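What follows is the content of query-v8.pdb (PDB, C-alpha atoms).
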```pdb
ATOM      1  CA  MET A   1      29.861 -60.428 -42.309
ATOM      2  CA  SER A   2      26.461 -60.237 -43.997
ATOM      3  CA  SER A   3      23.148 -60.985 -42.297
ATOM      4  CA  LEU A   4      22.984 -64.215 -44.322
ATOM      5  CA  ASP A   5      26.355 -65.386 -42.974
ATOM      6  CA  ALA A   6      25.214 -64.612 -39.444
ATOM      7  CA  PHE A   7      21.784 -66.212 -39.793
ATOM      8  CA  ASP A   8      20.277 -67.391 -36.481
ATOM      9  CA  LEU A   9      17.402 -69.830 -36.997
ATOM     10  CA  ASP A  10      16.178 -69.628 -33.412
ATOM     11  CA  ALA A  11      16.012 -65.835 -33.556
ATOM     12  CA  TRP A  12      14.235 -66.005 -36.928
ATOM     13  CA  LEU A  13      11.634 -68.410 -35.554
ATOM     14  CA  ALA A  14      11.082 -66.301 -32.442
ATOM     15  CA  ALA A  15      10.600 -63.164 -34.535
ATOM     16  CA  LEU A  16       8.160 -64.991 -36.792
ATOM     17  CA  VAL A  17       6.100 -66.242 -33.843
ATOM     18  CA  ALA A  18       5.982 -62.700 -32.499
ATOM     19  CA  THR A  19       4.398 -61.441 -35.718
ATOM     20  CA  GLY A  20       1.724 -64.129 -35.739
ATOM     21  CA  GLN A  21       1.973 -64.191 -39.541
ATOM     22  CA  PRO A  22       3.485 -66.683 -42.015
ATOM     23  CA  PRO A  23       6.713 -65.556 -43.665
ATOM     24  CA  PRO A  24       6.349 -63.931 -47.088
ATOM     25  CA  ILE A  25       7.763 -65.682 -50.135
ATOM     26  CA  VAL A  26      10.928 -63.809 -51.096
ATOM     27  CA  GLN A  27      10.904 -62.450 -54.636
ATOM     28  CA  ALA A  28      13.662 -62.272 -57.261
ATOM     29  CA  GLY A  29      16.112 -59.502 -56.456
ATOM     30  CA  ALA A  30      16.699 -60.623 -52.865
ATOM     31  CA  ALA A  31      20.278 -61.626 -52.047
ATOM     32  CA  VAL A  32      19.187 -64.818 -50.263
ATOM     33  CA  LEU A  33      17.972 -66.211 -53.592
ATOM     34  CA  ARG A  34      21.377 -65.639 -55.194
ATOM     35  CA  ARG A  35      23.647 -67.190 -52.565
ATOM     36  CA  ARG A  36      24.511 -70.843 -51.978
ATOM     37  CA  ALA A  37      22.540 -71.884 -48.921
ATOM     38  CA  ARG A  38      24.425 -73.221 -45.914
ATOM     39  CA  ASP A  39      24.519 -76.874 -44.865
ATOM     40  CA  VAL A  40      22.311 -77.715 -41.905
ATOM     41  CA  PRO A  41      24.666 -78.669 -39.041
ATOM     42  CA  ALA A  42      24.385 -82.247 -37.791
ATOM     43  CA  GLU A  43      23.502 -81.010 -34.317
ATOM     44  CA  ARG A  44      20.395 -79.343 -35.749
ATOM     45  CA  LEU A  45      18.918 -82.612 -37.035
ATOM     46  CA  GLY A  46      15.988 -83.830 -34.974
ATOM     47  CA  THR A  47      15.592 -80.565 -33.079
ATOM     48  CA  PRO A  48      12.223 -78.866 -32.504
ATOM     49  CA  GLY A  49      13.472 -75.726 -34.267
ATOM     50  CA  LEU A  50      14.296 -77.578 -37.470
ATOM     51  CA  GLN A  51      10.980 -79.426 -37.398
ATOM     52  CA  GLN A  52       9.163 -76.120 -36.851
ATOM     53  CA  LEU A  53      10.923 -74.604 -39.863
ATOM     54  CA  VAL A  54       9.913 -77.533 -42.069
ATOM     55  CA  GLU A  55       6.291 -77.286 -40.900
ATOM     56  CA  ILE A  56       6.284 -73.574 -41.739
ATOM     57  CA  MET A  57       7.702 -74.314 -45.195
ATOM     58  CA  VAL A  58       5.003 -76.909 -45.856
ATOM     59  CA  ASP A  59       2.269 -74.500 -44.794
ATOM     60  CA  VAL A  60       3.639 -71.727 -47.034
ATOM     61  CA  MET A  61       4.035 -74.103 -49.999
ATOM     62  CA  ARG A  62       0.471 -75.381 -49.688
ATOM     63  CA  ALA A  63      -1.015 -71.928 -49.182
ATOM     64  CA  ALA A  64       0.767 -70.467 -52.239
ATOM     65  CA  PRO A  65      -0.113 -73.033 -53.702
ATOM     66  CA  GLY A  66       3.003 -74.713 -55.064
ATOM     67  CA  VAL A  67       4.584 -78.138 -55.496
ATOM     68  CA  GLY A  68       7.902 -77.233 -53.901
ATOM     69  CA  LEU A  69       9.541 -74.647 -51.670
ATOM     70  CA  ALA A  70      13.168 -74.127 -50.686
ATOM     71  CA  ALA A  71      14.177 -72.501 -47.405
ATOM     72  CA  PRO A  72      15.806 -69.485 -49.136
ATOM     73  CA  GLN A  73      12.387 -68.651 -50.584
ATOM     74  CA  ILE A  74      11.235 -67.631 -47.114
ATOM     75  CA  GLY A  75      14.532 -65.922 -46.295
ATOM     76  CA  VAL A  76      16.247 -68.851 -44.570
ATOM     77  CA  PRO A  77      19.684 -69.573 -46.092
ATOM     78  CA  LEU A  78      19.761 -73.287 -45.241
ATOM     79  CA  ARG A  79      19.896 -76.327 -47.526
ATOM     80  CA  ILE A  80      16.354 -77.597 -47.070
ATOM     81  CA  PHE A  81      13.468 -77.990 -49.454
ATOM     82  CA  VAL A  82      10.017 -79.531 -49.294
ATOM     83  CA  ALA A  83       7.977 -80.939 -52.162
ATOM     84  CA  GLU A  84       4.517 -82.342 -52.706
ATOM     85  CA  ASP A  85       2.331 -82.929 -55.760
ATOM     86  CA  ALA A  86      -0.814 -84.388 -54.272
ATOM     87  CA  ALA A  87      -3.188 -86.671 -56.130
ATOM     88  CA  GLU A  88      -6.004 -84.195 -55.410
ATOM     89  CA  ARG A  89      -4.155 -81.511 -57.381
ATOM     90  CA  LEU A  90      -3.452 -83.868 -60.279
ATOM     91  CA  ALA A  91      -7.123 -84.819 -60.473
ATOM     92  CA  ARG A  92      -7.826 -81.288 -61.748
ATOM     93  CA  VAL A  93      -5.371 -81.631 -64.656
ATOM     94  CA  ALA A  94      -6.256 -83.145 -68.025
ATOM     95  CA  PRO A  95      -4.948 -86.735 -68.337
ATOM     96  CA  GLU A  96      -3.164 -85.954 -71.621
ATOM     97  CA  SER A  97      -1.292 -83.111 -69.933
ATOM     98  CA  LEU A  98      -0.247 -85.378 -67.068
ATOM     99  CA  ALA A  99       0.982 -88.012 -69.497
ATOM    100  CA  ALA A 100       2.938 -85.542 -71.647
ATOM    101  CA  ARG A 101       4.802 -84.185 -68.618
ATOM    102  CA  GLY A 102       5.267 -87.476 -66.819
ATOM    103  CA  ARG A 103       3.421 -85.986 -63.888
ATOM    104  CA  ALA A 104       2.582 -88.416 -61.096
ATOM    105  CA  PRO A 105       1.648 -88.007 -57.423
ATOM    106  CA  LEU A 106       4.548 -87.049 -55.179
ATOM    107  CA  PRO A 107       3.960 -87.510 -51.442
ATOM    108  CA  LEU A 108       5.052 -84.802 -49.032
ATOM    109  CA  LEU A 109       8.817 -84.986 -48.550
ATOM    110  CA  ALA A 110      11.373 -82.811 -46.763
ATOM    111  CA  PHE A 111      15.012 -82.928 -47.882
ATOM    112  CA  VAL A 112      17.877 -81.675 -45.714
ATOM    113  CA  ASN A 113      21.364 -81.207 -47.224
ATOM    114  CA  PRO A 114      20.297 -82.882 -50.480
ATOM    115  CA  THR A 115      22.266 -83.823 -53.553
ATOM    116  CA  VAL A 116      20.606 -84.313 -56.941
ATOM    117  CA  THR A 117      22.315 -86.383 -59.623
ATOM    118  CA  LEU A 118      20.991 -85.894 -63.152
ATOM    119  CA  ALA A 119      20.442 -88.722 -65.594
ATOM    120  CA  ARG A 120      22.186 -88.419 -68.940
ATOM    121  CA  GLY A 121      20.290 -88.089 -72.160
ATOM    122  CA  GLU A 122      18.154 -85.608 -74.035
ATOM    123  CA  PRO A 123      16.481 -83.125 -71.679
ATOM    124  CA  ALA A 124      12.745 -82.528 -71.615
ATOM    125  CA  VAL A 125      11.493 -78.978 -72.208
ATOM    126  CA  PHE A 126       8.353 -77.679 -70.500
ATOM    127  CA  PHE A 127       7.020 -74.474 -69.002
ATOM    128  CA  GLU A 128       8.023 -73.708 -65.436
ATOM    129  CA  GLY A 129       7.039 -70.971 -63.054
ATOM    130  CA  CYS A 130       8.324 -70.048 -59.628
ATOM    131  CA  LEU A 131       6.761 -68.700 -56.454
ATOM    132  CA  SER A 132       9.720 -66.299 -56.241
ATOM    133  CA  VAL A 133       9.240 -64.975 -59.797
ATOM    134  CA  ARG A 134       5.564 -64.117 -59.714
ATOM    135  CA  GLY A 135       3.631 -63.498 -62.894
ATOM    136  CA  TYR A 136       5.842 -65.275 -65.413
ATOM    137  CA  GLY A 137       6.773 -68.657 -66.817
ATOM    138  CA  ALA A 138       9.154 -69.967 -69.449
ATOM    139  CA  LEU A 139      10.324 -73.127 -71.162
ATOM    140  CA  VAL A 140      13.122 -74.797 -69.215
ATOM    141  CA  PRO A 141      15.169 -77.841 -70.272
ATOM    142  CA  ARG A 142      15.577 -80.373 -67.461
ATOM    143  CA  ALA A 143      16.893 -83.905 -67.111
ATOM    144  CA  THR A 144      14.121 -86.481 -67.317
ATOM    145  CA  ALA A 145      15.327 -88.510 -64.322
ATOM    146  CA  VAL A 146      17.296 -87.865 -61.152
ATOM    147  CA  ARG A 147      18.638 -89.564 -58.072
ATOM    148  CA  VAL A 148      18.182 -87.625 -54.851
ATOM    149  CA  THR A 149      20.004 -88.319 -51.611
ATOM    150  CA  ALA A 150      19.505 -86.392 -48.389
ATOM    151  CA  VAL A 151      18.453 -86.782 -44.792
ATOM    152  CA  ASP A 152      15.030 -85.972 -43.440
ATOM    153  CA  PRO A 153      14.552 -83.460 -40.595
ATOM    154  CA  SER A 154      15.150 -86.218 -38.026
ATOM    155  CA  GLY A 155      18.429 -87.204 -39.676
ATOM    156  CA  ALA A 156      17.205 -90.424 -41.306
ATOM    157  CA  PRO A 157      18.741 -91.039 -44.752
ATOM    158  CA  LEU A 158      16.676 -90.599 -47.908
ATOM    159  CA  ALA A 159      17.443 -91.931 -51.382
ATOM    160  CA  LEU A 160      14.989 -91.637 -54.263
ATOM    161  CA  GLU A 161      15.055 -92.178 -58.010
ATOM    162  CA  LEU A 162      12.462 -90.034 -59.755
ATOM    163  CA  GLU A 163      11.362 -89.453 -63.329
ATOM    164  CA  GLY A 164       9.201 -86.974 -65.202
ATOM    165  CA  TRP A 165       7.644 -84.065 -63.332
ATOM    166  CA  PRO A 166       8.814 -85.175 -59.868
ATOM    167  CA  ALA A 167      12.373 -85.123 -61.238
ATOM    168  CA  ARG A 168      11.793 -81.580 -62.531
ATOM    169  CA  ILE A 169      10.576 -80.457 -59.114
ATOM    170  CA  MET A 170      13.748 -81.822 -57.518
ATOM    171  CA  GLN A 171      15.959 -79.941 -59.986
ATOM    172  CA  HIS A 172      14.042 -76.681 -59.580
ATOM    173  CA  GLU A 173      14.219 -76.761 -55.781
ATOM    174  CA  MET A 174      17.856 -77.875 -55.709
ATOM    175  CA  ASP A 175      18.701 -74.896 -57.903
ATOM    176  CA  HIS A 176      17.271 -72.612 -55.223
ATOM    177  CA  LEU A 177      19.778 -74.005 -52.728
ATOM    178  CA  ASP A 178      22.608 -73.057 -55.085
ATOM    179  CA  GLY A 179      21.408 -69.517 -55.787
ATOM    180  CA  THR A 180      19.957 -70.350 -59.207
ATOM    181  CA  LEU A 181      16.515 -69.387 -60.532
ATOM    182  CA  TYR A 182      14.720 -70.986 -63.447
ATOM    183  CA  VAL A 183      15.230 -67.771 -65.430
ATOM    184  CA  ASP A 184      18.950 -68.624 -65.504
ATOM    185  CA  ARG A 185      18.151 -71.847 -67.374
ATOM    186  CA  MET A 186      15.117 -70.866 -69.448
ATOM    187  CA  LEU A 187      14.842 -70.486 -73.182
ATOM    188  CA  SER A 188      14.749 -66.726 -72.804
ATOM    189  CA  ARG A 189      12.531 -65.983 -75.807
ATOM    190  CA  SER A 190       9.806 -68.189 -74.330
ATOM    191  CA  LEU A 191       9.335 -65.983 -71.259
ATOM    192  CA  ALA A 192       5.632 -65.203 -70.968
ATOM    193  CA  GLY A 193       3.307 -63.480 -68.532
ATOM    194  CA  ASP A 194       0.453 -65.205 -66.776
ATOM    195  CA  ALA A 195      -2.104 -63.842 -69.231
ATOM    196  CA  ALA A 196      -0.437 -65.693 -72.114
ATOM    197  CA  LEU A 197       0.629 -68.798 -70.234
ATOM    198  CA  GLY A 198      -2.857 -70.281 -70.092
ATOM    199  CA  GLU A 199      -2.898 -70.627 -73.853
ATOM    200  CA  LEU A 200       0.788 -71.344 -74.401
ATOM    201  CA  SER A 201       1.035 -74.097 -71.813
ATOM    202  CA  GLY A 202      -1.748 -75.959 -73.596
ATOM    203  CA  LEU A 203       0.150 -76.067 -76.881
ATOM    204  CA  PRO A 204       2.745 -78.657 -77.882
ATOM    205  CA  VAL A 205       6.189 -77.429 -76.843
ATOM    206  CA  SER A 206       7.363 -77.701 -80.456
ATOM    207  CA  ASP A 207       4.668 -75.191 -81.472
ATOM    208  CA  VAL A 208       5.706 -72.756 -78.747
ATOM    209  CA  ILE A 209       9.325 -73.004 -79.844
ATOM    210  CA  LYS A 210       8.356 -72.334 -83.475
ATOM    211  CA  THR A 211       6.234 -69.366 -82.437
ATOM    212  CA  LEU A 212       8.427 -67.688 -79.822
ATOM    213  CA  VAL A 213      11.906 -69.178 -79.668
ATOM    214  CA  ASP A 214      12.805 -69.930 -83.257
ATOM    215  CA  PRO A 215      10.154 -68.291 -85.481
TER
END
```
For the file at hand, write its structure as structure tokens.
Amino acid sequence: MSSLDAFDLDAWLAALVATGQPPPIVQAGAAVLRRRARDVPAERLGTPGLQQLVEIMVDVMRAAPGVGLAAPQIGVPLRIFVAEDAAERLARVAPESLAARGRAPLPLLAFVNPTVTLARGEPAVFFEGCLSVRGYGALVPRATAVRVTAVDPSGAPLALELEGWPARIMQHEMDHLDGTLYVDRMLSRSLAGDAALGELSGLPVSDVIKTLVDP
């Protein structure tokens, strides 16, 4: 039995408290990012331990900073992710960029044992990065709309229909729960380092594809 199969949330939380430090964001190459995360047992819903885990995830996501974080990204193999794209963050982005990506404010949400159903139709292609793949980004095709069902940490049901960038966030974080990284879905020739991404992400996607993917 691996350490992931034998994961003990209470022991993990106690060890974390003992360090007095937030958990590091796990980077690509770690086994926990390549395994399907485990369902959160019903008896865990509404417990202080689960709520503490979610609070830790929110703190790590905001400090990174990021718009989403899945439990495996801090070494916890459970099917939980948090997401938030605050209006304050969007206020720093050019309006034309927001419109092109369908990016709209997403309030803080925590999803436990989620399912994400993709809308049919032509996918949208935009650059994505990941807190667990530092220093790079790439074009990734994603469905333009999704339906998400889950429970919140207390066990209350959640059901959302999202479009545009919020839908992309849902797909990215759900992939983490299934052991998938965006690099598994990217247009591989579009992979770029941070130094180039500033310029590339400001170009029309069609221009990036002509330059890098299909020159």
Quick one: apply the PyMOL selection byres ((chain A and resi 101-108) around 12) to the file and drop the selected residues here as a PyMOL selection string. chain A and resi 54-55+57-59+61-62+66-69+81-91+93-100+109-111+124-128+142+144-145+152+160+162-170+201-202+204-205
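Between atom CA of Val26 of chain A and atom CA of Asp10 of chain A lies a distance of 19.3 Å.
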Could you tell me which residues the PyMOL selection byres ((chain A and resi 12-19) around 12) grabs in this file, written as a ChimeraX atom specification? /A:3-4,6-11,20-24,48-57,74-77
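Counting from atom CA of Gly135 of chain A, the distance to atom CA of Asp194 of chain A is 5.3 Å.
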Under the PyMOL selection byres ((chain A and resi 70) around 6), which residues of this model are included? Write them out as a PDB file with C-alpha atoms, keeping the file's coordinate frame.
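To be explicit, this is the file written out as result.pdb:
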```
ATOM      1  CA  LEU A  69       9.541 -74.647 -51.670  1.00  0.00           C
ATOM      2  CA  ALA A  71      14.177 -72.501 -47.405  1.00  0.00           C
ATOM      3  CA  PRO A  72      15.806 -69.485 -49.136  1.00  0.00           C
ATOM      4  CA  GLN A  73      12.387 -68.651 -50.584  1.00  0.00           C
ATOM      5  CA  ILE A  80      16.354 -77.597 -47.070  1.00  0.00           C
ATOM      6  CA  PHE A  81      13.468 -77.990 -49.454  1.00  0.00           C
ATOM      7  CA  GLU A 173      14.219 -76.761 -55.781  1.00  0.00           C
TER       8      GLU A 173
END
```
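Comparing A:Arg36, A:Ala138, A:Gly155, A:Gln171 by their smallest distance to Ser190 of chain A, the closest is A:Ala138 (using all atoms listed in the file).
The gap separating atom CA of Thr117 of chain A from atom CA of Asp178 of chain A is 14.1 Å, in Å to one decimal.
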Residue neighbourhood Arg189 of chain A, 10 Å, only C-alpha atoms, exclusion window fewer than 5 positions, as a ChimeraX atom specification: /A:138-139,209,211-214
Choose the residue, out of A:Gln27, A:Thr149, A:Thr47, A:Ser206, that has the smallest atom-to-atom separation from Thr115 of chain A; count all atoms listed in the file. A:Thr149
Starting from the incomplete input, reconstruct N, CA, C and O atoms of segment 69-83 of chain A and report them as an mmCIF file, in the coordinates of the input.
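What ended up in result37.cif:
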```cif
data_model
loop_
_atom_site.group_PDB
_atom_site.id
_atom_site.type_symbol
_atom_site.label_atom_id
_atom_site.label_comp_id
_atom_site.auth_asym_id
_atom_site.auth_seq_id
_atom_site.Cartn_x
_atom_site.Cartn_y
_atom_site.Cartn_z
ATOM 1 N N LEU A 69 9.081 -75.895 -52.286
ATOM 2 C CA LEU A 69 9.541 -74.647 -51.670
ATOM 3 C C LEU A 69 10.882 -74.908 -51.018
ATOM 4 O O LEU A 69 11.050 -75.886 -50.279
ATOM 5 N N ALA A 70 11.844 -74.048 -51.297
ATOM 6 C CA ALA A 70 13.168 -74.127 -50.686
ATOM 7 C C ALA A 70 13.268 -73.092 -49.572
ATOM 8 O O ALA A 70 12.649 -72.019 -49.640
ATOM 9 N N ALA A 71 14.056 -73.399 -48.555
ATOM 10 C CA ALA A 71 14.177 -72.501 -47.405
ATOM 11 C C ALA A 71 14.566 -71.076 -47.800
ATOM 12 O O ALA A 71 14.035 -70.108 -47.222
ATOM 13 N N PRO A 72 15.484 -70.867 -48.767
ATOM 14 C CA PRO A 72 15.806 -69.485 -49.136
ATOM 15 C C PRO A 72 14.596 -68.689 -49.620
ATOM 16 O O PRO A 72 14.597 -67.455 -49.544
ATOM 17 N N GLN A 73 13.562 -69.356 -50.084
ATOM 18 C CA GLN A 73 12.387 -68.651 -50.584
ATOM 19 C C GLN A 73 11.573 -67.995 -49.475
ATOM 20 O O GLN A 73 10.697 -67.168 -49.756
ATOM 21 N N ILE A 74 11.842 -68.359 -48.231
ATOM 22 C CA ILE A 74 11.235 -67.631 -47.114
ATOM 23 C C ILE A 74 12.317 -66.919 -46.294
ATOM 24 O O ILE A 74 12.111 -66.580 -45.134
ATOM 25 N N GLY A 75 13.478 -66.704 -46.933
ATOM 26 C CA GLY A 75 14.532 -65.922 -46.295
ATOM 27 C C GLY A 75 15.462 -66.682 -45.394
ATOM 28 O O GLY A 75 16.251 -66.064 -44.669
ATOM 29 N N VAL A 76 15.409 -68.016 -45.441
ATOM 30 C CA VAL A 76 16.247 -68.851 -44.570
ATOM 31 C C VAL A 76 17.349 -69.491 -45.409
ATOM 32 O O VAL A 76 17.069 -70.374 -46.234
ATOM 33 N N PRO A 77 18.601 -69.095 -45.219
ATOM 34 C CA PRO A 77 19.684 -69.573 -46.092
ATOM 35 C C PRO A 77 20.232 -70.944 -45.693
ATOM 36 O O PRO A 77 21.434 -71.114 -45.452
ATOM 37 N N LEU A 78 19.366 -71.935 -45.611
ATOM 38 C CA LEU A 78 19.761 -73.287 -45.241
ATOM 39 C C LEU A 78 19.361 -74.263 -46.349
ATOM 40 O O LEU A 78 18.385 -74.043 -47.058
ATOM 41 N N ARG A 79 20.091 -75.372 -46.433
ATOM 42 C CA ARG A 79 19.896 -76.327 -47.526
ATOM 43 C C ARG A 79 18.773 -77.312 -47.176
ATOM 44 O O ARG A 79 19.013 -78.470 -46.796
ATOM 45 N N ILE A 80 17.559 -76.820 -47.347
ATOM 46 C CA ILE A 80 16.354 -77.597 -47.070
ATOM 47 C C ILE A 80 15.331 -77.268 -48.145
ATOM 48 O O ILE A 80 15.175 -76.106 -48.511
ATOM 49 N N PHE A 81 14.659 -78.274 -48.657
ATOM 50 C CA PHE A 81 13.468 -77.990 -49.454
ATOM 51 C C PHE A 81 12.398 -79.034 -49.186
ATOM 52 O O PHE A 81 12.682 -80.150 -48.726
ATOM 53 N N VAL A 82 11.156 -78.631 -49.425
ATOM 54 C CA VAL A 82 10.017 -79.531 -49.294
ATOM 55 C C VAL A 82 9.342 -79.633 -50.651
ATOM 56 O O VAL A 82 9.446 -78.729 -51.482
ATOM 57 N N ALA A 83 8.651 -80.726 -50.878
ATOM 58 C CA ALA A 83 7.977 -80.939 -52.162
ATOM 59 C C ALA A 83 6.762 -81.818 -51.951
ATOM 60 O O ALA A 83 6.761 -82.712 -51.094
#
```
